[in-house]
Amino acid sequence: MKGRGVLAAFIFVLALGRPLAAQGGELNDTTEYAMITGTWVNDQHGPLQAIVLWRGPAGWRQPGGAARERADSVFRVEHLRANEAGQSFFGTGMAYGLLDRRTRAVIVEGQRFSLDRTDSALVIMVAIPTGDRRRGVTIARIAAAAVPADSWPRASPSGDVRLPSTRDVQLLRNALAQVPAIDAFLR
């Protein structure tokens, strides 16, 4: 697994003090993740509502040449569109989603998923194939209590972000692997 610098480059803390927040990083060498939580109170995240997983072939996150330029363009355009629509953008030009606070939904790969208030979190899994093939999207659910709070990035009262350690990310991977559909996706 790459160093904390890669994780820091992928960290998102959107909407601190607002109804929804997303933060994430590198789950393993081929998988990125974003965790979506409810309302932040006293600089602490709210309940876990969703986890988005993007898994692709080795090297998919570091494209070169024209693919890098395209990813940068996608990032700028989609981020601007999200702002104009009153949504929060999270991710990169290679893997991203939108949070719609008004409708309590997350949009990934053009598909809208409701963030219902339940004791389980939605897990959206995006398979990124090689070449120009279409990305596959599947969903599952995980008990929110099964995901250790230590695996979540947190903001301190000063606004500093505590990144999950390698051990914390391993705890997240272990929790996700307890759900057969998610475990199969991560293999």
# chains A, B, ... in the order shown; residues from 1 in each chain; ligands from 1

$ residues_around --residues "Asp183 in chain A" --least-positions-apart "3" --cutoff "12 Å" --atoms "only C-alpha atoms" --output "list of chain:residue names"
A:Leu53, A:Val123, A:Met125, A:Ala140, A:Ile142, A:Leu172, A:Arg173, A:Asn174, A:Ala175, A:Leu176, A:Ala177, A:Gln178, A:Val179, A:Pro180, A:Leu186, A:Arg187

$ residues_around --residues "Thr103 in chain A" --least-positions-apart "3" --cutoff "12 Å" --atoms "only C-alpha atoms" --output "list of chain:residue names"
A:Pro19, A:Leu20, A:Gly86, A:Gln87, A:Leu98, A:Leu99, A:Asp100, A:Val106, A:Ile107, A:Arg112, A:Phe113, A:Ser114, A:Leu115, A:Asp116

$ write_last_selection --atoms "N, CA and C atoms" --output "compact mmCIF listing (two decimals), in the first residue's frame"
# COMPACT_ATOMS: atom_id res chain seq x y z
N PRO A 19 -25.17 18.94 6.46
CA PRO A 19 -25.87 17.67 6.62
C PRO A 19 -25.14 16.41 6.19
N LEU A 20 -24.30 16.45 5.20
CA LEU A 20 -23.62 15.25 4.75
C LEU A 20 -22.14 15.55 4.57
N GLY A 86 -26.00 22.76 -6.51
CA GLY A 86 -26.14 22.71 -5.06
C GLY A 86 -25.76 21.36 -4.47
N GLN A 87 -24.90 20.63 -5.16
CA GLN A 87 -24.45 19.32 -4.71
C GLN A 87 -22.98 19.42 -4.29
N LEU A 98 -21.41 12.44 -6.32
CA LEU A 98 -22.05 13.68 -5.93
C LEU A 98 -22.97 13.41 -4.74
N LEU A 99 -22.98 14.33 -3.80
CA LEU A 99 -23.90 14.27 -2.67
C LEU A 99 -24.97 15.32 -2.89
N ASP A 100 -26.21 14.92 -2.82
CA ASP A 100 -27.32 15.85 -2.93
C ASP A 100 -27.98 15.93 -1.56
N VAL A 106 -26.96 10.05 -3.00
CA VAL A 106 -25.62 10.06 -3.56
C VAL A 106 -25.76 9.61 -5.01
N ILE A 107 -24.99 10.23 -5.88
CA ILE A 107 -25.04 9.91 -7.30
C ILE A 107 -23.65 9.42 -7.70
N ARG A 112 -28.61 7.38 -9.14
CA ARG A 112 -28.98 8.03 -7.88
C ARG A 112 -29.36 6.96 -6.86
N PHE A 113 -28.78 7.08 -5.66
CA PHE A 113 -29.04 6.14 -4.58
C PHE A 113 -29.51 6.94 -3.36
N SER A 114 -30.66 6.57 -2.83
CA SER A 114 -31.22 7.23 -1.66
C SER A 114 -30.41 6.86 -0.42
N LEU A 115 -30.21 7.84 0.44
CA LEU A 115 -29.52 7.60 1.70
C LEU A 115 -30.57 7.53 2.81
N ASP A 116 -31.24 6.40 2.87
CA ASP A 116 -32.28 6.18 3.87
C ASP A 116 -31.67 6.16 5.26

$ select_by_dssp --residues "range 22-92 of chain A" --states "strand (DSSP E)" --output "list of chain:residue names"
A:Ala22, A:Gln23, A:Gly24, A:Gly25, A:Glu26, A:Leu27, A:Asn28, A:Thr31, A:Glu32, A:Tyr33, A:Ala34, A:Met35, A:Ile36, A:Thr37, A:Leu48, A:Gln49, A:Ala50, A:Ile51, A:Val52, A:Leu53, A:Trp54, A:Arg55, A:Ser88, A:Phe89, A:Phe90, A:Gly91

$ write_last_selection --atoms "C-alpha atoms" --output "JSON list (two decimals), in the first residue's frame"
[["chain", "number", "residue", "atom", "x", "y", "z"],
["A", 22, "ALA", "CA", -17.65, 12.44, 2.47],
["A", 23, "GLN", "CA", -14.11, 11.38, 3.17],
["A", 24, "GLY", "CA", -11.99, 8.60, 1.81],
["A", 25, "GLY", "CA", -8.73, 7.25, 0.61],
["A", 26, "GLU", "CA", -6.93, 4.19, -0.63],
["A", 27, "LEU", "CA", -8.36, 0.89, 0.62],
["A", 28, "ASN", "CA", -5.67, -1.17, -1.14],
["A", 31, "THR", "CA", -9.39, 0.17, -4.59],
["A", 32, "GLU", "CA", -10.37, 3.68, -3.52],
["A", 33, "TYR", "CA", -13.16, 4.42, -1.07],
["A", 34, "ALA", "CA", -15.31, 7.28, 0.15],
["A", 35, "MET", "CA", -17.39, 7.16, 3.30],
["A", 36, "ILE", "CA", -20.52, 9.29, 3.55],
["A", 37, "THR", "CA", -21.71, 10.29, 6.97],
["A", 48, "LEU", "CA", -22.34, 6.17, 8.52],
["A", 49, "GLN", "CA", -24.77, 6.29, 5.59],
["A", 50, "ALA", "CA", -22.82, 4.93, 2.63],
["A", 51, "ILE", "CA", -19.46, 3.71, 1.41],
["A", 52, "VAL", "CA", -18.47, 4.00, -2.25],
["A", 53, "LEU", "CA", -15.80, 1.60, -3.51],
["A", 54, "TRP", "CA", -14.02, 1.97, -6.87],
["A", 55, "ARG", "CA", -11.94, -1.03, -7.91],
["A", 88, "SER", "CA", -21.11, 18.34, -3.19],
["A", 89, "PHE", "CA", -18.51, 16.68, -5.41],
["A", 90, "PHE", "CA", -16.21, 14.05, -3.95],
["A", 91, "GLY", "CA", -13.46, 12.05, -5.58]]

$ select_by_dssp --residues "range 23-176 of chain A" --states "helix (DSSP H, G or I)" --output "PyMOL selection string"
chain A and resi 65-84+144-146+149-151+166-176

$ write_last_selection --atoms "N, CA and C atoms" --output "mmCIF file, in the first residue's frame"
data_model
loop_
_atom_site.group_PDB
_atom_site.id
_atom_site.type_symbol
_atom_site.label_atom_id
_atom_site.label_comp_id
_atom_site.auth_asym_id
_atom_site.auth_seq_id
_atom_site.Cartn_x
_atom_site.Cartn_y
_atom_site.Cartn_z
ATOM 1 N N GLY A 65 -0.499 10.841 -19.702
ATOM 2 C CA GLY A 65 -0.789 11.492 -20.974
ATOM 3 C C GLY A 65 -2.206 11.991 -21.126
ATOM 4 N N ALA A 66 -2.838 11.593 -22.228
ATOM 5 C CA ALA A 66 -4.180 12.064 -22.563
ATOM 6 C C ALA A 66 -5.204 11.630 -21.518
ATOM 7 N N ALA A 67 -5.035 10.448 -20.935
ATOM 8 C CA ALA A 67 -5.981 9.978 -19.912
ATOM 9 C C ALA A 67 -5.916 10.873 -18.675
ATOM 10 N N ARG A 68 -4.724 11.327 -18.316
ATOM 11 C CA ARG A 68 -4.565 12.237 -17.166
ATOM 12 C C ARG A 68 -5.244 13.569 -17.469
ATOM 13 N N GLU A 69 -5.046 14.085 -18.672
ATOM 14 C CA GLU A 69 -5.678 15.352 -19.059
ATOM 15 C C GLU A 69 -7.196 15.229 -19.040
ATOM 16 N N ARG A 70 -7.706 14.094 -19.533
ATOM 17 C CA ARG A 70 -9.148 13.876 -19.522
ATOM 18 C C ARG A 70 -9.672 13.820 -18.083
ATOM 19 N N ALA A 71 -8.973 13.106 -17.190
ATOM 20 C CA ALA A 71 -9.389 13.010 -15.788
ATOM 21 C C ALA A 71 -9.400 14.385 -15.134
ATOM 22 N N ASP A 72 -8.394 15.204 -15.414
ATOM 23 C CA ASP A 72 -8.347 16.554 -14.858
ATOM 24 C C ASP A 72 -9.523 17.391 -15.357
ATOM 25 N N SER A 73 -9.844 17.233 -16.635
ATOM 26 C CA SER A 73 -10.974 17.958 -17.224
ATOM 27 C C SER A 73 -12.295 17.503 -16.606
ATOM 28 N N VAL A 74 -12.468 16.198 -16.456
ATOM 29 C CA VAL A 74 -13.681 15.662 -15.829
ATOM 30 C C VAL A 74 -13.820 16.219 -14.420
ATOM 31 N N PHE A 75 -12.733 16.234 -13.674
ATOM 32 C CA PHE A 75 -12.759 16.760 -12.311
ATOM 33 C C PHE A 75 -13.266 18.203 -12.307
ATOM 34 N N ARG A 76 -12.675 19.046 -13.127
ATOM 35 C CA ARG A 76 -13.061 20.462 -13.145
ATOM 36 C C ARG A 76 -14.520 20.654 -13.567
ATOM 37 N N VAL A 77 -14.920 19.996 -14.637
ATOM 38 C CA VAL A 77 -16.281 20.165 -15.167
ATOM 39 C C VAL A 77 -17.317 19.632 -14.179
ATOM 40 N N GLU A 78 -17.115 18.427 -13.667
ATOM 41 C CA GLU A 78 -18.107 17.828 -12.767
ATOM 42 C C GLU A 78 -18.166 18.558 -11.431
ATOM 43 N N HIS A 79 -17.040 19.045 -10.956
ATOM 44 C CA HIS A 79 -17.020 19.819 -9.719
ATOM 45 C C HIS A 79 -17.826 21.101 -9.900
ATOM 46 N N LEU A 80 -17.638 21.782 -11.016
ATOM 47 C CA LEU A 80 -18.383 23.000 -11.319
ATOM 48 C C LEU A 80 -19.882 22.708 -11.442
ATOM 49 N N ARG A 81 -20.234 21.664 -12.172
ATOM 50 C CA ARG A 81 -21.646 21.282 -12.321
ATOM 51 C C ARG A 81 -22.286 20.984 -10.960
ATOM 52 N N ALA A 82 -21.564 20.282 -10.117
ATOM 53 C CA ALA A 82 -22.084 19.955 -8.785
ATOM 54 C C ALA A 82 -22.356 21.231 -7.998
ATOM 55 N N ASN A 83 -21.414 22.159 -8.021
ATOM 56 C CA ASN A 83 -21.602 23.426 -7.306
ATOM 57 C C ASN A 83 -22.820 24.173 -7.820
ATOM 58 N N GLU A 84 -22.962 24.203 -9.136
ATOM 59 C CA GLU A 84 -24.097 24.904 -9.734
ATOM 60 C C GLU A 84 -25.429 24.255 -9.366
ATOM 61 N N ALA A 144 -24.033 -0.537 9.955
ATOM 62 C CA ALA A 144 -23.175 0.620 10.241
ATOM 63 C C ALA A 144 -22.296 0.355 11.460
ATOM 64 N N ALA A 145 -22.820 -0.353 12.441
ATOM 65 C CA ALA A 145 -22.047 -0.649 13.647
ATOM 66 C C ALA A 145 -20.887 -1.603 13.371
ATOM 67 N N ALA A 146 -20.909 -2.312 12.245
ATOM 68 C CA ALA A 146 -19.832 -3.255 11.906
ATOM 69 C C ALA A 146 -18.582 -2.550 11.401
ATOM 70 N N ALA A 149 -15.342 2.868 14.006
ATOM 71 C CA ALA A 149 -15.243 4.324 13.915
ATOM 72 C C ALA A 149 -13.799 4.780 13.702
ATOM 73 N N ASP A 150 -12.813 4.008 14.169
ATOM 74 C CA ASP A 150 -11.411 4.384 13.973
ATOM 75 C C ASP A 150 -11.010 4.394 12.507
ATOM 76 N N SER A 151 -11.768 3.719 11.662
ATOM 77 C CA SER A 151 -11.412 3.667 10.244
ATOM 78 C C SER A 151 -11.898 4.901 9.498
ATOM 79 N N THR A 166 -2.731 2.852 8.729
ATOM 80 C CA THR A 166 -2.746 1.603 7.969
ATOM 81 C C THR A 166 -3.580 0.560 8.717
ATOM 82 N N ARG A 167 -3.442 0.518 10.040
ATOM 83 C CA ARG A 167 -4.222 -0.407 10.860
ATOM 84 C C ARG A 167 -5.719 -0.094 10.757
ATOM 85 N N ASP A 168 -6.079 1.190 10.788
ATOM 86 C CA ASP A 168 -7.483 1.581 10.695
ATOM 87 C C ASP A 168 -8.090 1.179 9.353
ATOM 88 N N VAL A 169 -7.330 1.348 8.273
ATOM 89 C CA VAL A 169 -7.812 0.965 6.945
ATOM 90 C C VAL A 169 -7.964 -0.553 6.877
ATOM 91 N N GLN A 170 -7.053 -1.282 7.524
ATOM 92 C CA GLN A 170 -7.184 -2.741 7.582
ATOM 93 C C GLN A 170 -8.456 -3.125 8.326
ATOM 94 N N LEU A 171 -8.798 -2.413 9.397
ATOM 95 C CA LEU A 171 -10.046 -2.677 10.125
ATOM 96 C C LEU A 171 -11.250 -2.480 9.203
ATOM 97 N N LEU A 172 -11.207 -1.437 8.376
ATOM 98 C CA LEU A 172 -12.288 -1.190 7.424
ATOM 99 C C LEU A 172 -12.376 -2.331 6.416
ATOM 100 N N ARG A 173 -11.239 -2.724 5.839
ATOM 101 C CA ARG A 173 -11.239 -3.841 4.877
ATOM 102 C C ARG A 173 -11.804 -5.108 5.512
ATOM 103 N N ASN A 174 -11.402 -5.384 6.753
ATOM 104 C CA ASN A 174 -11.894 -6.577 7.445
ATOM 105 C C ASN A 174 -13.405 -6.508 7.656
ATOM 106 N N ALA A 175 -13.912 -5.353 8.036
ATOM 107 C CA ALA A 175 -15.355 -5.195 8.241
ATOM 108 C C ALA A 175 -16.104 -5.403 6.929
ATOM 109 N N LEU A 176 -15.607 -4.799 5.849
ATOM 110 C CA LEU A 176 -16.265 -4.940 4.551
ATOM 111 C C LEU A 176 -16.262 -6.387 4.077
#

$ closest_residue --among "A:Phe185, A:Ala143, A:Gln62, A:Pro57" --to "Asp119 in chain A" --atoms "only C-alpha atoms"
A:Ala143

$ residues_around --residues "Ile128 in chain A" --least-positions-apart "5" --cutoff "10 Å" --atoms "only C-alpha atoms" --output "mmCIF file with N, CA, C and O atoms, in the first residue's frame"
data_model
loop_
_atom_site.group_PDB
_atom_site.id
_atom_site.type_symbol
_atom_site.label_atom_id
_atom_site.label_comp_id
_atom_site.auth_asym_id
_atom_site.auth_seq_id
_atom_site.Cartn_x
_atom_site.Cartn_y
_atom_site.Cartn_z
ATOM 1 N N THR A 30 -5.608 -1.380 -5.483
ATOM 2 C CA THR A 30 -6.502 -1.257 -6.633
ATOM 3 C C THR A 30 -7.865 -0.673 -6.285
ATOM 4 O O THR A 30 -8.726 -0.566 -7.157
ATOM 5 N N THR A 31 -8.066 -0.280 -5.027
ATOM 6 C CA THR A 31 -9.393 0.167 -4.591
ATOM 7 C C THR A 31 -9.323 1.481 -3.830
ATOM 8 O O THR A 31 -8.530 1.625 -2.905
ATOM 9 N N TRP A 54 -14.406 2.025 -5.457
ATOM 10 C CA TRP A 54 -14.024 1.971 -6.869
ATOM 11 C C TRP A 54 -12.857 1.010 -6.961
ATOM 12 O O TRP A 54 -11.828 1.218 -6.325
ATOM 13 N N ARG A 55 -13.000 -0.030 -7.766
ATOM 14 C CA ARG A 55 -11.936 -1.026 -7.908
ATOM 15 C C ARG A 55 -11.612 -1.179 -9.386
ATOM 16 O O ARG A 55 -12.495 -1.338 -10.220
ATOM 17 N N GLY A 56 -10.331 -1.140 -9.707
ATOM 18 C CA GLY A 56 -9.910 -1.262 -11.090
ATOM 19 C C GLY A 56 -8.609 -2.018 -11.207
ATOM 20 O O GLY A 56 -8.033 -2.455 -10.210
ATOM 21 N N PRO A 57 -8.121 -2.169 -12.427
ATOM 22 C CA PRO A 57 -6.851 -2.870 -12.641
ATOM 23 C C PRO A 57 -5.687 -2.048 -12.075
ATOM 24 O O PRO A 57 -5.811 -0.837 -11.854
ATOM 25 N N TRP A 60 -4.857 2.033 -12.437
ATOM 26 C CA TRP A 60 -5.992 2.805 -12.956
ATOM 27 C C TRP A 60 -6.077 4.209 -12.369
ATOM 28 O O TRP A 60 -6.575 5.115 -13.014
ATOM 29 N N MET A 94 -11.030 10.410 -12.011
ATOM 30 C CA MET A 94 -11.072 8.981 -12.347
ATOM 31 C C MET A 94 -12.233 8.275 -11.651
ATOM 32 O O MET A 94 -12.781 7.311 -12.171
ATOM 33 N N ALA A 95 -12.582 8.721 -10.453
ATOM 34 C CA ALA A 95 -13.630 8.088 -9.650
ATOM 35 C C ALA A 95 -14.255 9.161 -8.774
ATOM 36 O O ALA A 95 -13.579 9.730 -7.924
ATOM 37 N N ARG A 133 -14.592 -0.054 -21.834
ATOM 38 C CA ARG A 133 -15.816 -0.765 -21.472
ATOM 39 C C ARG A 133 -16.556 -0.020 -20.370
ATOM 40 O O ARG A 133 -15.974 0.751 -19.611
ATOM 41 N N ARG A 134 -17.841 -0.275 -20.275
ATOM 42 C CA ARG A 134 -18.704 0.376 -19.296
ATOM 43 C C ARG A 134 -18.383 -0.112 -17.879
ATOM 44 O O ARG A 134 -18.141 -1.297 -17.660
ATOM 45 N N ARG A 135 -18.441 0.798 -16.936
ATOM 46 C CA ARG A 135 -18.215 0.452 -15.534
ATOM 47 C C ARG A 135 -19.444 -0.253 -14.970
ATOM 48 O O ARG A 135 -20.566 0.120 -15.258
ATOM 49 N N GLY A 136 -19.201 -1.252 -14.154
ATOM 50 C CA GLY A 136 -20.294 -1.979 -13.515
ATOM 51 C C GLY A 136 -20.542 -1.429 -12.116
ATOM 52 O O GLY A 136 -19.611 -1.147 -11.377
ATOM 53 N N VAL A 137 -21.807 -1.271 -11.763
ATOM 54 C CA VAL A 137 -22.184 -0.758 -10.450
ATOM 55 C C VAL A 137 -23.097 -1.779 -9.774
ATOM 56 O O VAL A 137 -24.102 -2.197 -10.354
#

$ atom_distance --atom1 "CA of Gly93 in chain A" --atom2 "CA of Ile139 in chain A"
21.6 Å

$ atom_distance --atom1 "CA of Gly38 in chain A" --atom2 "CA of Ala184 in chain A"
27.4 Å

$ atom_distance --atom1 "CA of Thr138 in chain A" --atom2 "CA of Ala121 in chain A"
14.0 Å
